[in-house]
Each structure stands twice: as structure tokens, then as C-alpha cells.
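Working notes, beginning with the structure itself.
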Amino acid sequence: MTTSTTKRQQHHCSSSIATSSIILLLFVSLVLIITPGQSLATPSSNNNKSSTCENNYNNDKTMSGKTKYEQDGKEAKEIAEYLPYFPFKGVPRFYDIGGFLYKPEVFQRIVDIFAERYSEEANKIDVIAGLDARGFILGPPIALALKKPFIMMRKKGKMPNSVSSDGYKTEYGNRSGLTVQNDKIKEGDRVLIIDDLVATGGTLSSAISLVKMLKGVVVECACVVELKMFIDPPAESGLPSRTKLFTDLGHQDVPVWGLISEDVLTNEAELPKGYVDDGEEH
């Protein structure tokens, strides 16, 4: 073998070693840079902007659903940003759930919070009832998440084979009562009632009466918004008392839970020029 050939082989060997060393260094660098659970296709930068509500989606899983989500807690305050109020139906602050329904990540967060609240006690719930009409929007996804039957409690004359509760009053006026189909609640059934908002408690009390008429048991009434001003106002305020109403009807044993209260609902809607309160009794 000539000296020239030997030098070429040595040069080739040195180049191979150098190339291998560079590749090894690059690999080690990538291993150090990429954090667990992160891929090259998913950088750790904040390029994907999302709402505060979505950013805080992953919460501490060590707490139970019933103790984790306190009224007006962190999650509630984030969601409250998407619940604007309007002057509507003669009410100065009419809270519009259309705000969060328009934001899929916020709507999903609400459904997840409700589902998690009852997930540990799902075996104590037989059926979920939604109240006419916004309870029909909130109830079904919660029922699906908990794998429970969903039933509608509707205004009179909307469903066949139904029983009706007595008329009742709300903050908007008088109502003729709610109905539910005869065969949807069986004796001993444990019912979770879902609605968007509780104020004076008239609608909820009607729903509770329906469950009791069919010999069921109300586990809880759960709402996105609870107006605390109506829970037990001073007599001199002139406001209706939900506590008194429930006591008079024998419903004082039924718990009511609301995720958000008026204390954090401060998002006043920007009214367009020429806005008119055209709310109607229905």
C-alpha cells in the first residue's frame, strides 16, 4: 500500500469520526432542549393564543368536584367575563348566556365543571332534567358526560302524556307551570335539575314539585348563575325571598348550587346605538 493511499484512508476515517461526533452532539442537544411531553412539531412557545379560561383548563385533580369549584372562584371569575348583562324585559341586569355559548372553549369548560362536580356521585343520580328553555342547552351535554338520561321540563301544551305543576311567579312575571312526561321519572328516581340561572326560585320550585309529584327525589338544583340577593333578603327590601318560597312549599331540604353570583358579574354589554328593550313575556 502506498503512502498516498494510507493518508487518504486516514483522512476518510478522521472525517467519519468528526461527522459522527457532530451527529451525536446534535442528538444530545435535542434531548436536552425537548421537555417531556413535548414534540418537535409542538414548540413550547406561546404562539397559539387562547383565552384565560382556556389557558387554565388543566386544574388540580386532587380535589373533588364539589369542593374544587367554589362559587365565584377562579374559574367562575374567568367565565363571568363572557356573561354580559343587558337592560331587558324591564330588568336592569339581564344576564345573557349567548356570550359564553359563542365561545366553544368557555362553553366546554362550563360543561366540564358541572360534569366533574357530579362525577364522583354519578351513581347517586338516575336522571338529569333541564328546564325550559336554556336548561335544554346546558343539560344534554352534561347528561352525556355523566352518561345519564336527559328529560325536558317544558311549558304547558308542549308534550304529550305529561303532568303539570301549579302556576308560579318569576322575576319576569307569572308562569302557568312546568310539565314533564309521566313515564320519565319513576318512584325513587334521583334527579339532578339543571338551569342557566336561579333568582327568586319560582321555576326551580315548580320543577322540584314535578319530581315530588312522581315520587322522585331531587339531588340538587344546579345553575350557572345564582342571584344571591334573592336568597333571603331583608323584609324591608321588598324583594321576594327564595328561602321563604322553598319553605312554604316544603322544598327547604333541596340544595341549590350556582357557579357564579352577581358579585362577579360586572361585564356590562356595549349597547348599539338605538338599542330598545324589546323583551316580551313568554
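Chain labels run A, B, ... following the order of the C-alpha cells; each chain numbers its residues from 1, and ligands are numbered from 1 in the order shown.
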As a PyMOL selection string, please: all residues of region 30-235 of chain A that backbone DSSP puts in helix (DSSP H, G or I). chain A and resi 30-33+52-55+65-68+74-80+98-101+104-119+122-124+135-146+202-213+228-230+235
All residues 8 Å or closer to Pro140 (chain A), only C-alpha atoms, same chain fewer than 4 positions away omitted, as a PyMOL selection string: chain A and resi 130+136+144+150
Save out the residues we just selected, C-alpha atoms, as a CSV table (one decimal), in the first residue's frame.
chain,number,residue,atom,x,y,z
A,130,GLY,CA,-83.3,20.6,32.0
A,136,PHE,CA,-82.3,22.3,27.2
A,144,LEU,CA,-73.9,12.9,28.0
A,150,PHE,CA,-81.9,13.6,30.0
Find the residues around Ile128 (chain A) up to 8 Å (only C-alpha atoms counted), leave out those fewer than 3 positions away in its own chain, and share them as JSON, numbers by chain. {"A": [125, 139, 143, 148, 149, 150, 151, 191, 192, 193, 194]}
Residues at most 10 Å from Asp263 (chain A), counting only C-alpha atoms, excluding those fewer than 2 positions away in the same chain, as a ChimeraX atom specification? /A:72,77,80,226-229,260-261,265-266
Which one of A:Cys223, A:Leu245, A:Leu197, A:Met152 sits closest to Val111 (chain A) if you count only C-alpha atoms? A:Cys223
Which of region 112-272 of chain A counts as strand (DSSP E) under DSSP, as a PyMOL selection string please? chain A and resi 127-131+150-155+162-164+168-170+173-175+178-181+190-198+217-226+256-261
Counting only C-alpha atoms, the residue among A:Gly202, A:Pro233, A:Pro141, A:Gly238 that lies closest to Arg109 (chain A) is A:Pro141
Which residue, A:Lys66, A:Val264, A:Gly98, A:Lys155, has the smallest gap to Glu116 (chain A) when you use only C-alpha atoms?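 The shortest atom-to-atom distance to Glu116 (chain A) comes from A:Lys66.
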Set the distance at 12 Å and use only C-alpha atoms: which residues neighbour Ile97 (chain A) once local chain neighbours fewer than 5 positions away are removed? I'd like the list as an NGL selection string. :A and (79-86 or 102-103 or 106-107 or 110 or 133-135 or 137-138 or 195-197 or 223-225 or 265)
Output the selection as an mmCIF file, in the first residue's frame - N, CA and C atoms for each residue.
data_model
loop_
_atom_site.group_PDB
_atom_site.id
_atom_site.type_symbol
_atom_site.label_atom_id
_atom_site.label_comp_id
_atom_site.auth_asym_id
_atom_site.auth_seq_id
_atom_site.Cartn_x
_atom_site.Cartn_y
_atom_site.Cartn_z
ATOM 1 N N ILE A 79 -65.090 32.798 33.650
ATOM 2 C CA ILE A 79 -66.296 32.590 32.834
ATOM 3 C C ILE A 79 -67.192 33.821 32.862
ATOM 4 N N ALA A 80 -67.203 34.531 33.987
ATOM 5 C CA ALA A 80 -68.065 35.715 34.136
ATOM 6 C C ALA A 80 -67.770 36.774 33.072
ATOM 7 N N GLU A 81 -66.564 36.771 32.549
ATOM 8 C CA GLU A 81 -66.205 37.740 31.508
ATOM 9 C C GLU A 81 -67.061 37.543 30.254
ATOM 10 N N TYR A 82 -67.610 36.349 30.090
ATOM 11 C CA TYR A 82 -68.393 36.021 28.897
ATOM 12 C C TYR A 82 -69.900 36.009 29.176
ATOM 13 N N LEU A 83 -70.297 36.634 30.280
ATOM 14 C CA LEU A 83 -71.706 36.737 30.644
ATOM 15 C C LEU A 83 -72.089 38.208 30.774
ATOM 16 N N PRO A 84 -72.260 38.907 29.676
ATOM 17 C CA PRO A 84 -72.621 40.319 29.748
ATOM 18 C C PRO A 84 -74.064 40.496 30.201
ATOM 19 N N TYR A 85 -74.368 41.648 30.745
ATOM 20 C CA TYR A 85 -75.757 41.914 31.118
ATOM 21 C C TYR A 85 -76.306 43.078 30.297
ATOM 22 N N PHE A 86 -77.609 42.979 30.022
ATOM 23 C CA PHE A 86 -78.342 43.962 29.228
ATOM 24 C C PHE A 86 -79.557 44.449 30.025
ATOM 25 N N TYR A 102 -71.182 31.396 22.509
ATOM 26 C CA TYR A 102 -70.480 31.786 21.290
ATOM 27 C C TYR A 102 -68.992 31.440 21.360
ATOM 28 N N LYS A 103 -68.514 31.079 22.564
ATOM 29 C CA LYS A 103 -67.103 30.719 22.763
ATOM 30 C C LYS A 103 -67.028 29.232 23.121
ATOM 31 N N VAL A 106 -65.178 28.115 26.272
ATOM 32 C CA VAL A 106 -65.781 28.518 27.542
ATOM 33 C C VAL A 106 -67.010 27.650 27.838
ATOM 34 N N PHE A 107 -67.830 27.431 26.829
ATOM 35 C CA PHE A 107 -68.997 26.556 26.981
ATOM 36 C C PHE A 107 -68.547 25.158 27.426
ATOM 37 N N ILE A 110 -67.604 25.077 31.091
ATOM 38 C CA ILE A 110 -68.758 25.023 31.989
ATOM 39 C C ILE A 110 -69.306 23.599 32.083
ATOM 40 N N ALA A 133 -86.166 27.279 28.936
ATOM 41 C CA ALA A 133 -85.669 26.666 27.715
ATOM 42 C C ALA A 133 -84.148 26.517 27.735
ATOM 43 N N ARG A 134 -83.459 27.374 28.520
ATOM 44 C CA ARG A 134 -81.996 27.327 28.451
ATOM 45 C C ARG A 134 -81.415 26.097 29.121
ATOM 46 N N GLY A 135 -82.208 25.454 29.977
ATOM 47 C CA GLY A 135 -81.767 24.180 30.539
ATOM 48 C C GLY A 135 -81.663 23.095 29.487
ATOM 49 N N ILE A 137 -80.248 23.600 26.655
ATOM 50 C CA ILE A 137 -78.932 23.793 26.049
ATOM 51 C C ILE A 137 -77.848 23.231 26.951
ATOM 52 N N LEU A 138 -77.964 23.497 28.245
ATOM 53 C CA LEU A 138 -76.921 23.100 29.193
ATOM 54 C C LEU A 138 -77.032 21.641 29.627
ATOM 55 N N ASP A 195 -80.446 24.377 35.192
ATOM 56 C CA ASP A 195 -80.959 25.575 34.528
ATOM 57 C C ASP A 195 -79.818 26.589 34.430
ATOM 58 N N ASP A 196 -80.052 27.655 33.668
ATOM 59 C CA ASP A 196 -78.972 28.631 33.487
ATOM 60 C C ASP A 196 -78.851 29.567 34.675
ATOM 61 N N LEU A 197 -79.985 29.944 35.292
ATOM 62 C CA LEU A 197 -79.951 30.966 36.344
ATOM 63 C C LEU A 197 -81.058 30.740 37.359
ATOM 64 N N CYS A 223 -77.156 25.578 38.725
ATOM 65 C CA CYS A 223 -77.292 26.653 37.750
ATOM 66 C C CYS A 223 -75.931 27.306 37.512
ATOM 67 N N VAL A 224 -75.769 27.891 36.350
ATOM 68 C CA VAL A 224 -74.542 28.630 36.072
ATOM 69 C C VAL A 224 -74.496 29.886 36.929
ATOM 70 N N VAL A 225 -75.641 30.577 37.038
ATOM 71 C CA VAL A 225 -75.708 31.830 37.791
ATOM 72 C C VAL A 225 -76.708 31.715 38.930
ATOM 73 N N LEU A 265 -70.329 39.326 38.333
ATOM 74 C CA LEU A 265 -70.905 39.563 37.009
ATOM 75 C C LEU A 265 -70.955 41.065 36.745
#
Distance of CA of Phe100 (chain A) from CA of Tyr69 (chain A), expressed in Å to one decimal place: 18.0 Å
